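Enquirer: Got a file for you: run02.txt, compact mmCIF, C-alpha atoms.
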```
# COMPACT_ATOMS: atom_id res chain seq x y z
CA MET G 1 -4.73 -39.02 -17.90
CA ASN G 2 -3.20 -35.78 -19.15
CA ARG G 3 -5.18 -33.07 -20.86
CA ARG G 4 -4.28 -34.07 -24.43
CA ARG G 5 -5.29 -37.68 -23.84
CA MET G 6 -8.50 -36.56 -22.20
CA LEU G 7 -9.17 -34.23 -25.12
CA ALA G 8 -8.64 -37.01 -27.64
CA ALA G 9 -11.00 -39.26 -25.70
CA ALA G 10 -13.58 -36.49 -25.51
CA CYS G 11 -13.37 -35.88 -29.25
CA ALA G 12 -13.82 -39.57 -30.01
CA SER G 13 -16.75 -39.93 -27.66
CA LEU G 14 -18.35 -36.76 -29.00
CA ALA G 15 -18.25 -37.84 -32.63
CA ALA G 16 -20.21 -41.06 -32.16
CA PRO G 17 -23.17 -39.58 -30.22
CA ALA G 18 -23.38 -36.66 -32.65
CA ALA G 19 -23.52 -38.97 -35.67
CA PHE G 20 -26.07 -41.19 -33.94
CA HIS G 21 -28.40 -38.30 -33.14
CA ALA G 22 -28.07 -36.87 -36.64
CA ARG G 23 -29.09 -40.20 -38.20
CA ALA G 24 -31.72 -41.24 -35.67
CA GLU G 25 -33.54 -37.96 -35.21
CA ASP G 26 -32.51 -35.97 -38.27
CA LYS G 27 -32.11 -32.82 -36.19
CA PRO G 28 -29.74 -29.98 -37.06
CA VAL G 29 -26.33 -29.77 -35.43
CA ILE G 30 -25.75 -27.21 -32.69
CA ARG G 31 -22.43 -25.43 -33.17
CA ILE G 32 -20.39 -24.20 -30.22
CA LEU G 33 -17.80 -21.69 -31.39
CA LEU G 34 -14.46 -21.57 -29.59
CA GLY G 35 -11.82 -18.90 -30.14
CA LEU G 36 -8.94 -20.90 -28.68
CA PRO G 37 -6.98 -23.82 -30.13
CA PRO G 38 -7.59 -27.52 -29.52
CA GLY G 39 -5.59 -28.94 -26.63
CA GLY G 40 -5.88 -25.92 -24.35
CA GLY G 41 -7.78 -25.60 -21.09
CA THR G 42 -10.85 -23.80 -22.45
CA ASP G 43 -11.07 -26.28 -25.33
CA ALA G 44 -10.92 -29.21 -22.90
CA ILE G 45 -13.65 -27.66 -20.72
CA ALA G 46 -15.87 -27.01 -23.73
CA ARG G 47 -15.48 -30.51 -25.14
CA LEU G 48 -16.06 -32.17 -21.79
CA ILE G 49 -19.41 -30.35 -21.55
CA ALA G 50 -20.34 -30.62 -25.23
CA ASP G 51 -19.78 -34.38 -25.13
CA ARG G 52 -22.77 -34.72 -22.82
CA LEU G 53 -25.13 -32.15 -24.31
CA PRO G 54 -26.60 -34.37 -27.07
CA ALA G 55 -28.14 -36.65 -24.45
CA GLU G 56 -29.86 -33.67 -22.83
CA LEU G 57 -30.81 -31.74 -25.96
CA GLY G 58 -31.73 -34.67 -28.21
CA GLN G 59 -29.62 -33.43 -31.11
CA PRO G 60 -25.95 -33.42 -32.13
CA VAL G 61 -23.49 -30.84 -30.81
CA MET G 62 -20.10 -29.97 -32.30
CA ILE G 63 -17.21 -27.72 -31.30
CA GLU G 64 -15.95 -25.38 -34.02
CA ASN G 65 -12.58 -23.78 -33.29
CA LYS G 66 -12.15 -20.31 -34.80
CA VAL G 67 -8.77 -19.43 -33.42
CA GLY G 68 -7.18 -16.00 -33.31
CA ALA G 69 -7.07 -12.49 -31.86
CA GLY G 70 -7.77 -13.52 -28.28
CA GLY G 71 -11.08 -15.14 -29.17
CA ARG G 72 -12.20 -12.25 -31.36
CA PHE G 73 -12.69 -14.40 -34.47
CA ALA G 74 -15.13 -16.69 -32.68
CA ALA G 75 -17.03 -13.69 -31.35
CA ASP G 76 -17.17 -12.22 -34.88
CA ALA G 77 -18.67 -15.49 -36.10
CA LEU G 78 -21.22 -15.52 -33.28
CA MET G 79 -22.34 -12.00 -34.13
CA ALA G 80 -22.83 -13.05 -37.76
CA ALA G 81 -24.71 -16.26 -36.92
CA ALA G 82 -28.47 -16.63 -37.26
CA PRO G 83 -30.25 -16.31 -33.88
CA ASP G 84 -31.97 -19.66 -34.24
CA GLY G 85 -30.66 -21.59 -31.25
CA LEU G 86 -28.13 -23.51 -33.34
CA THR G 87 -25.02 -21.40 -32.63
CA TYR G 88 -23.39 -20.58 -29.31
CA MET G 89 -19.95 -19.53 -28.12
CA ILE G 90 -17.96 -20.75 -25.13
CA ALA G 91 -15.20 -18.36 -24.07
CA PRO G 92 -13.23 -17.30 -21.02
CA ASN G 93 -14.03 -13.93 -19.49
CA ALA G 94 -10.89 -12.59 -21.19
CA THR G 95 -12.73 -12.42 -24.51
CA PRO G 96 -15.68 -10.17 -23.62
CA THR G 97 -14.09 -8.23 -20.76
CA PHE G 98 -10.58 -7.51 -21.94
CA GLN G 99 -11.32 -7.35 -25.66
CA THR G 100 -13.94 -4.73 -24.82
CA LEU G 101 -11.78 -2.67 -22.46
CA VAL G 102 -8.43 -2.97 -24.24
CA PHE G 103 -9.28 -3.43 -27.91
CA GLY G 104 -12.68 -1.73 -28.03
CA SER G 105 -11.92 0.37 -31.10
CA GLN G 106 -10.74 -2.70 -33.02
CA ILE G 107 -13.67 -5.06 -32.44
CA LYS G 108 -16.82 -5.37 -34.52
CA TRP G 109 -19.21 -6.39 -31.74
CA ASN G 110 -20.60 -5.06 -28.51
CA ILE G 111 -21.23 -7.62 -25.78
CA TRP G 112 -24.53 -6.07 -24.73
CA ARG G 113 -25.86 -5.21 -28.19
CA ASP G 114 -24.82 -8.38 -30.04
CA PHE G 115 -24.64 -11.24 -27.50
CA ALA G 116 -27.11 -12.85 -25.12
CA PRO G 117 -25.57 -14.35 -21.97
CA VAL G 118 -26.58 -17.99 -21.58
CA ALA G 119 -24.71 -19.35 -18.55
CA SER G 120 -21.48 -19.24 -16.61
CA LEU G 121 -19.91 -22.71 -16.54
CA VAL G 122 -16.74 -22.74 -14.41
CA SER G 123 -14.56 -20.46 -12.29
CA TYR G 124 -10.87 -20.79 -11.52
CA PRO G 125 -8.09 -19.01 -9.65
CA LEU G 126 -5.21 -17.20 -11.32
CA GLY G 127 -1.85 -17.10 -9.61
CA MET G 128 1.84 -16.36 -9.66
CA ALA G 129 4.64 -18.90 -9.73
CA VAL G 130 8.35 -18.16 -9.47
CA SER G 131 11.44 -19.92 -10.75
CA LEU G 132 13.47 -21.92 -8.24
CA SER G 133 16.43 -19.76 -9.28
CA THR G 134 14.91 -16.88 -7.28
CA GLY G 135 15.08 -18.87 -4.05
CA ALA G 136 11.73 -17.33 -3.06
CA THR G 137 9.12 -19.41 -1.25
CA ASN G 138 6.54 -16.66 -0.65
CA VAL G 139 5.53 -13.22 -1.86
CA ARG G 140 7.72 -11.23 0.53
CA GLU G 141 10.82 -13.22 -0.39
CA PHE G 142 10.10 -12.72 -4.09
CA ILE G 143 9.64 -8.96 -3.65
CA ALA G 144 12.98 -8.80 -1.82
CA TRP G 145 14.61 -10.76 -4.64
CA VAL G 146 13.20 -8.41 -7.29
CA LYS G 147 14.60 -5.39 -5.46
CA LYS G 148 18.05 -6.97 -5.70
CA ASN G 149 17.56 -7.94 -9.35
CA PRO G 150 16.36 -4.84 -11.24
CA THR G 151 16.18 -6.64 -14.62
CA ALA G 152 13.48 -9.02 -13.33
CA SER G 153 10.13 -9.37 -15.13
CA PHE G 154 7.02 -11.53 -15.03
CA GLY G 155 5.78 -13.59 -17.94
CA THR G 156 2.22 -13.89 -19.23
CA PRO G 157 0.60 -15.76 -22.14
CA GLY G 158 0.13 -12.61 -24.23
CA LEU G 159 -0.52 -8.92 -23.60
CA GLY G 160 -3.70 -7.08 -22.73
CA GLY G 161 -5.42 -9.84 -20.78
CA GLN G 162 -6.34 -10.58 -17.19
CA ASN G 163 -2.99 -12.22 -16.39
CA HIS G 164 -1.10 -9.19 -17.69
CA PHE G 165 -3.05 -6.70 -15.59
CA LEU G 166 -2.96 -8.87 -12.47
CA GLY G 167 0.83 -8.74 -12.74
CA VAL G 168 0.70 -4.96 -13.19
CA GLN G 169 -1.44 -4.65 -10.06
CA PHE G 170 0.92 -6.96 -8.15
CA ALA G 171 3.95 -4.82 -9.00
CA LYS G 172 2.13 -1.63 -8.01
CA ALA G 173 0.90 -3.06 -4.69
CA ALA G 174 4.39 -4.39 -3.93
CA ALA G 175 6.02 -1.08 -4.91
CA ILE G 176 8.48 -2.78 -7.26
CA ASP G 177 9.49 -2.37 -10.88
CA LEU G 178 8.42 -5.61 -12.57
CA PRO G 179 7.71 -5.25 -16.32
CA VAL G 180 5.82 -7.85 -18.33
CA THR G 181 7.40 -10.34 -20.75
CA PRO G 182 4.70 -11.66 -23.12
CA TYR G 183 4.70 -15.21 -24.50
CA LYS G 184 2.70 -16.85 -27.27
CA GLY G 185 0.66 -19.03 -24.96
CA THR G 186 1.16 -20.81 -21.65
CA PRO G 187 3.35 -23.80 -22.69
CA PRO G 188 6.42 -21.73 -23.73
CA LEU G 189 5.95 -19.53 -20.67
CA ILE G 190 6.02 -22.52 -18.32
CA THR G 191 9.02 -23.98 -20.16
CA ASP G 192 10.99 -20.78 -19.57
CA LEU G 193 9.82 -20.58 -15.95
CA VAL G 194 11.00 -24.12 -15.23
CA GLY G 195 14.28 -23.37 -17.01
CA GLY G 196 14.85 -20.18 -15.04
CA HIS G 197 14.74 -17.95 -18.12
CA VAL G 198 11.91 -15.84 -16.68
CA PRO G 199 11.72 -15.39 -12.90
CA ALA G 200 7.94 -15.30 -12.50
CA ALA G 201 4.72 -16.13 -14.34
CA VAL G 202 1.10 -15.08 -13.92
CA THR G 203 -1.40 -17.43 -15.55
CA LEU G 204 -3.91 -20.25 -15.00
CA MET G 205 -3.13 -22.60 -12.17
CA ASP G 206 -3.52 -25.99 -13.82
CA GLU G 207 -0.15 -26.06 -15.61
CA MET G 208 1.71 -24.24 -12.84
CA MET G 209 0.42 -26.55 -10.10
CA LYS G 210 1.74 -29.64 -11.92
CA PHE G 211 5.25 -28.24 -11.78
CA HIS G 212 4.77 -26.84 -8.28
CA ARG G 213 3.84 -30.25 -6.93
CA SER G 214 6.77 -31.87 -8.72
CA GLY G 215 9.13 -29.31 -7.19
CA LYS G 216 10.13 -27.59 -10.44
CA VAL G 217 8.58 -24.16 -9.72
CA ARG G 218 7.10 -22.48 -6.67
CA VAL G 219 3.55 -21.12 -6.71
CA ILE G 220 3.67 -18.25 -4.21
CA GLY G 221 0.03 -17.15 -4.27
CA ILE G 222 -3.32 -16.86 -6.00
CA PHE G 223 -5.14 -13.61 -6.72
CA SER G 224 -8.57 -14.80 -5.50
CA ASP G 225 -10.23 -13.28 -2.43
CA LYS G 226 -10.02 -16.57 -0.57
CA ARG G 227 -8.12 -19.84 -0.83
CA SER G 228 -9.28 -22.24 -3.48
CA GLU G 229 -10.71 -25.66 -2.62
CA LEU G 230 -8.77 -26.92 -5.64
CA MET G 231 -5.43 -26.06 -4.02
CA PRO G 232 -6.04 -25.13 -0.37
CA GLU G 233 -2.34 -25.20 0.44
CA ILE G 234 -1.68 -22.11 -1.71
CA PRO G 235 -2.16 -18.79 0.14
CA THR G 236 -3.85 -15.78 -1.39
CA MET G 237 -1.95 -12.64 -2.25
CA ALA G 238 -4.15 -10.74 0.20
CA GLU G 239 -3.01 -13.02 3.03
CA GLN G 240 0.52 -11.92 2.22
CA GLY G 241 -0.26 -8.21 2.14
CA ILE G 242 -0.79 -7.77 -1.60
CA LYS G 243 -4.30 -6.64 -2.50
CA VAL G 244 -5.43 -6.68 -6.12
CA ALA G 245 -8.79 -6.68 -7.92
CA GLY G 246 -10.34 -9.24 -10.23
CA GLY G 247 -8.33 -12.35 -9.44
CA GLU G 248 -10.82 -14.99 -10.59
CA GLY G 249 -11.18 -16.26 -14.12
CA TRP G 250 -14.34 -17.83 -15.52
CA THR G 251 -15.67 -19.48 -18.66
CA ALA G 252 -19.19 -19.04 -20.00
CA MET G 253 -21.55 -19.43 -22.94
CA TRP G 254 -23.15 -16.76 -25.13
CA ALA G 255 -25.71 -16.81 -27.98
CA PRO G 256 -26.56 -14.29 -30.73
CA ILE G 257 -28.63 -11.49 -29.22
CA LYS G 258 -32.04 -12.35 -30.75
CA THR G 259 -31.91 -16.07 -30.00
CA PRO G 260 -35.41 -17.08 -28.76
CA ALA G 261 -35.70 -17.21 -24.97
CA ALA G 262 -37.05 -20.76 -25.19
CA GLU G 263 -33.87 -21.94 -26.93
CA ILE G 264 -31.63 -20.25 -24.37
CA GLU G 265 -33.65 -21.73 -21.51
CA ARG G 266 -33.41 -25.19 -23.08
CA MET G 267 -29.63 -24.86 -23.28
CA GLN G 268 -29.48 -23.56 -19.71
CA ARG G 269 -31.35 -26.59 -18.40
CA ALA G 270 -29.03 -28.92 -20.30
CA LEU G 271 -25.89 -27.16 -19.04
CA GLN G 272 -27.11 -27.20 -15.45
CA LYS G 273 -27.71 -30.96 -15.64
CA VAL G 274 -24.33 -31.65 -17.25
CA LEU G 275 -22.44 -29.57 -14.68
CA ALA G 276 -24.19 -31.43 -11.86
CA THR G 277 -22.99 -34.81 -13.18
CA PRO G 278 -20.44 -36.34 -10.77
CA GLN G 279 -18.17 -37.48 -13.61
CA VAL G 280 -18.07 -34.00 -15.10
CA ARG G 281 -17.49 -32.31 -11.76
CA ASP G 282 -14.66 -34.72 -10.99
CA ALA G 283 -13.02 -34.21 -14.37
CA LEU G 284 -13.23 -30.43 -14.07
CA THR G 285 -11.80 -30.25 -10.56
CA THR G 286 -9.16 -32.99 -10.61
CA ARG G 287 -7.98 -32.86 -14.22
CA LEU G 288 -8.49 -29.26 -15.23
CA SER G 289 -8.21 -27.41 -11.88
CA VAL G 290 -11.47 -25.48 -12.35
CA SER G 291 -14.64 -25.38 -10.26
CA PRO G 292 -18.10 -26.01 -11.77
CA HIS G 293 -19.96 -22.74 -11.25
CA TYR G 294 -23.33 -22.47 -12.96
CA LEU G 295 -24.93 -19.03 -13.21
CA ASN G 296 -27.96 -18.29 -15.37
CA GLY G 297 -27.91 -15.56 -17.99
CA GLN G 298 -29.11 -12.79 -15.71
CA GLU G 299 -26.61 -13.67 -12.98
CA MET G 300 -23.84 -13.97 -15.53
CA ALA G 301 -24.64 -10.54 -17.01
CA GLN G 302 -24.40 -8.99 -13.55
CA ARG G 303 -21.02 -10.63 -13.04
CA GLN G 304 -19.91 -9.21 -16.38
CA ARG G 305 -21.00 -5.69 -15.46
CA THR G 306 -19.20 -5.88 -12.13
CA GLU G 307 -16.03 -7.15 -13.77
CA LEU G 308 -16.03 -4.41 -16.39
CA ALA G 309 -16.43 -1.79 -13.66
CA VAL G 310 -13.52 -3.28 -11.68
CA TRP G 311 -11.11 -3.56 -14.57
CA GLU G 312 -11.77 -0.36 -16.52
CA PRO G 313 -9.94 1.97 -14.09
CA VAL G 314 -7.12 -0.55 -13.61
CA ILE G 315 -6.47 -0.78 -17.34
CA LYS G 316 -6.69 2.97 -17.83
CA ALA G 317 -4.26 3.59 -14.96
CA SER G 318 -1.79 1.10 -16.46
CA GLY G 319 -1.37 3.25 -19.56
CA PHE G 320 -1.30 0.14 -21.75
CA LYS G 321 -2.05 0.74 -25.42
CA PRO G 322 -2.52 -2.16 -27.87
CA GLU G 323 -0.40 -2.16 -31.01
```
Please rewrite the model in this file as structure tokens.
Expert:
Amino acid sequence: MNRRRMLAAACASLAAPAAFHARAEDKPVIRILLGLPPGGGTDAIARLIADRLPAELGQPVMIENKVGAGGRFAADALMAAAPDGLTYMIAPNATPTFQTLVFGSQIKWNIWRDFAPVASLVSYPLGMAVSLSTGATNVREFIAWVKKNPTASFGTPGLGGQNHFLGVQFAKAAAIDLPVTPYKGTPPLITDLVGGHVPAAVTLMDEMMKFHRSGKVRVIGIFSDKRSELMPEIPTMAEQGIKVAGGEGWTAMWAPIKTPAAEIERMQRALQKVLATPQVRDALTTRLSVSPHYLNGQEMAQRQRTELAVWEPVIKASGFKPE
């Protein structure tokens, strides 16, 4: 089952339990804000989890997509929401980390002042794939190809995010000139990679691995510290002599800052149970290429602080300025 079919099934299965709980128990709906569009990876992760939350929480749960500005609109809505345990946000680390470090002067919220960390949900590797037109099968071969092709670039789904700065670090560590070519999302990026219109791409692994395994692109490495159990055949960049920082992505949940501790703890217990469900774990790993990775709010906040400290000097050194 592909992601869109799975998403449609999740939406259908979510609607019925939510309506049932609303009628049977007359409890208010819990909203989970999402700053990314339906059909994408984060949306599929959120709906897979939200589908099972009503059974644990005893009340309906709905996803509300507020798309735009790299997740900023959803975060704006979370900041404005009442801290009553009825509104949460699921977002990838790109929203709090890179919006804060890259677009800090343009955002309304502060992640520490306005948001309460609830739980980390999943982690996943980020990697680089190259077009078959390069002839490269590993990092060293790709670096050699770039040196012979000075107009080469790497593509990313947008500017100013984790993928962008991983590519910047890669080029610096490899001592090559490899500028970024931004795309409006992953699908057009992968289309151009398969077609040979862009020689390399840095993004999530789920889409790239499908084309790698079908022989249409070559994934040459992941940026994680160690090989991923999701794709153990893919070497790390470090194994191939390229050391970069911050190569893992993750998705988590936040609440408005003054949400009662009892409500956050109730949601944490529900999330922990859902993520431990064999069906959910299987769907996350085999269909979405992410690993269930529960962290409580305190552990998640520490991860956030560490990530901000890692990325701040990298972004400053890059010289990147948002438009």
Enquirer: Taking a cut-off of 12 Å and counting all atoms listed in the file, can you build a table that, for each residue of range 255-280 of chain G near range 28-35 of chain G, reports the nearest atom pair and how far apart they are in Å (one decimal), sorted by chain then residue number, as JSON lines?
Expert:
```
{"residue": "G:Ala255", "atom": "CA", "partner": "G:Ile32", "partner_atom": "CA", "distance": 9.4}
{"residue": "G:Pro256", "atom": "CA", "partner": "G:Leu33", "partner_atom": "CA", "distance": 11.5}
{"residue": "G:Glu263", "atom": "CA", "partner": "G:Ile30", "partner_atom": "CA", "distance": 11.3}
{"residue": "G:Met267", "atom": "CA", "partner": "G:Ile30", "partner_atom": "CA", "distance": 10.4}
```
Enquirer: Can you pull out the residues contacting Glu141 in chain G? Cut-off 10 Å, using only C-alpha atoms, and skip same-chain residues under 6 positions away; I want them as a list in words.
Expert: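 Once the adjacent positions are removed, what remains is Thr134, Gly135 and Ile220 of chain G.
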Enquirer: Give the centre and edge lengths of an axis-aligned box, in Å to one decimal, that holds all listed atoms of range 127-134 of chain G with 4 Å on each side, as lines of an AutoDock Vina configuration file.
Expert:
```
center_x = 7.3
center_y = -19.1
center_z = -9.0
size_x = 26.3
size_y = 13.6
size_z = 11.5
```
Enquirer: From the set G:Pro182, G:Gly58, G:Pro96, G:Gly41, which residue has the shortest atom-to-atom contact distance to Arg305 in chain G, counting all atoms listed in the file?
Expert: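 Distance minimum relative to Arg305 in chain G lands on G:Pro96.
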Enquirer: Have a look at CA of Val180 in chain G and CA of Gly39 in chain G and let me know their distance in Å, one decimal.
Expert: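 Answer for the CA of Val180 in chain G to CA of Gly39 in chain G separation: 25.4 Å.
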Enquirer: Name the residues, using the chain letters and numbers of the file, that sit within 10 Å of (-28.2, -16.4, -35.1) when counting only C-alpha atoms, and give them as a list of chain:residue names.
Expert: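 In the file's frame, the residues around the point are G:Ala77, G:Leu78, G:Met79, G:Ala80, G:Ala81, G:Ala82, G:Pro83, G:Asp84, G:Gly85, G:Leu86, G:Thr87, G:Tyr88, G:Phe115, G:Ala255, G:Pro256, G:Ile257, G:Lys258, G:Thr259, G:Pro260.
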Enquirer: Extract, using all atoms listed in the file, all DNA, RNA and protein residues at most 12 Å from Pro322 in chain G, discarding same-chain residues fewer than 2 positions from it, and format them as a PyMOL selection string.
Expert: chain G and resi 69+98-99+101-106+158-161+315+318-320
Enquirer: Which residues, written as a PyMOL selection string, have at least one atom at most 8 Å from range 191-199 of chain G, with all atoms listed in the file counted and residues fewer than 2 positions away on the same chain left out?
Expert: chain G and resi 130-134+152-155+187-189+201+211+216-217
Enquirer: Just want the 7 Å neighbourhood of Val118 in chain G, counted on all atoms listed in the file, with same-chain residues fewer than 6 positions away dropped. Output as a VMD selection string.
Expert: chain G and resid 253 to 255 264 268 296 to 297
Enquirer: Record the distance separating CA of Ser228 in chain G and CA of Gly71 in chain G, expressed in Å with one decimal.
Expert: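 So the answer is 26.7 Å.
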Enquirer: How many Å lie between CA of Trp145 in chain G and CA of Ala200 in chain G, rounded to one decimal?
Expert: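 The value is 11.3 Å.
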Enquirer: Using all atoms listed in the file, find the one residue out of G:Pro292, G:Ile90, G:Asp26, G:Pro313 that sits nearest to Val280 in chain G.
Expert: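 Answer, going by the shortest atom-to-atom distance: G:Pro292.
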Enquirer: Rank G:Arg140, G:Ala116, G:Ala46, G:Ser291 by their smallest atom-to-atom distance to Ile242 in chain G, using all atoms listed in the file, and report the top residue only.
Expert: G:Arg140
Enquirer: Produce a table with one row for each residue of range 97-214 of chain G that has an atom at most 7 Å from any atom of range 222-226 of chain G, each row naming the nearest atom pair and its distance in Å at one decimal; use all atoms listed in the file; arrange rows by chain and rising residue number; format as CSV.
Expert:
```
residue,atom,partner,partner_atom,distance
G:Pro125,CA,G:Ser224,CA,5.9
G:Leu126,CA,G:Ile222,CA,5.7
G:Gly127,CA,G:Ile222,CA,3.9
G:Met128,CA,G:Ile222,CA,6.3
```
Enquirer: Which residue gives the smallest distance to Val310 in chain G among G:Ile49, G:Ala119, G:Ala245, G:Val139, with all atoms listed in the file counted?
Expert: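 With all atoms listed in the file as the atom set, the closest residue is G:Ala245.
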Enquirer: Which residues, protein or nucleic acid, reach to within 12 Å of (-2.4, -24.9, -2.6) in the file's coordinates when using only C-alpha atoms, and can you give that as a PyMOL selection string?
Expert: chain G and resi 125-129+205-206+208-210+212-213+218-222+226-236+289
Enquirer: Of the residues G:Thr285, G:Asn149, G:Thr95, G:Ser214, which is the one nearest to Ile176 in chain G, using all atoms listed in the file?
Expert: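 Smallest separation from Ile176 in chain G among the options: G:Asn149.
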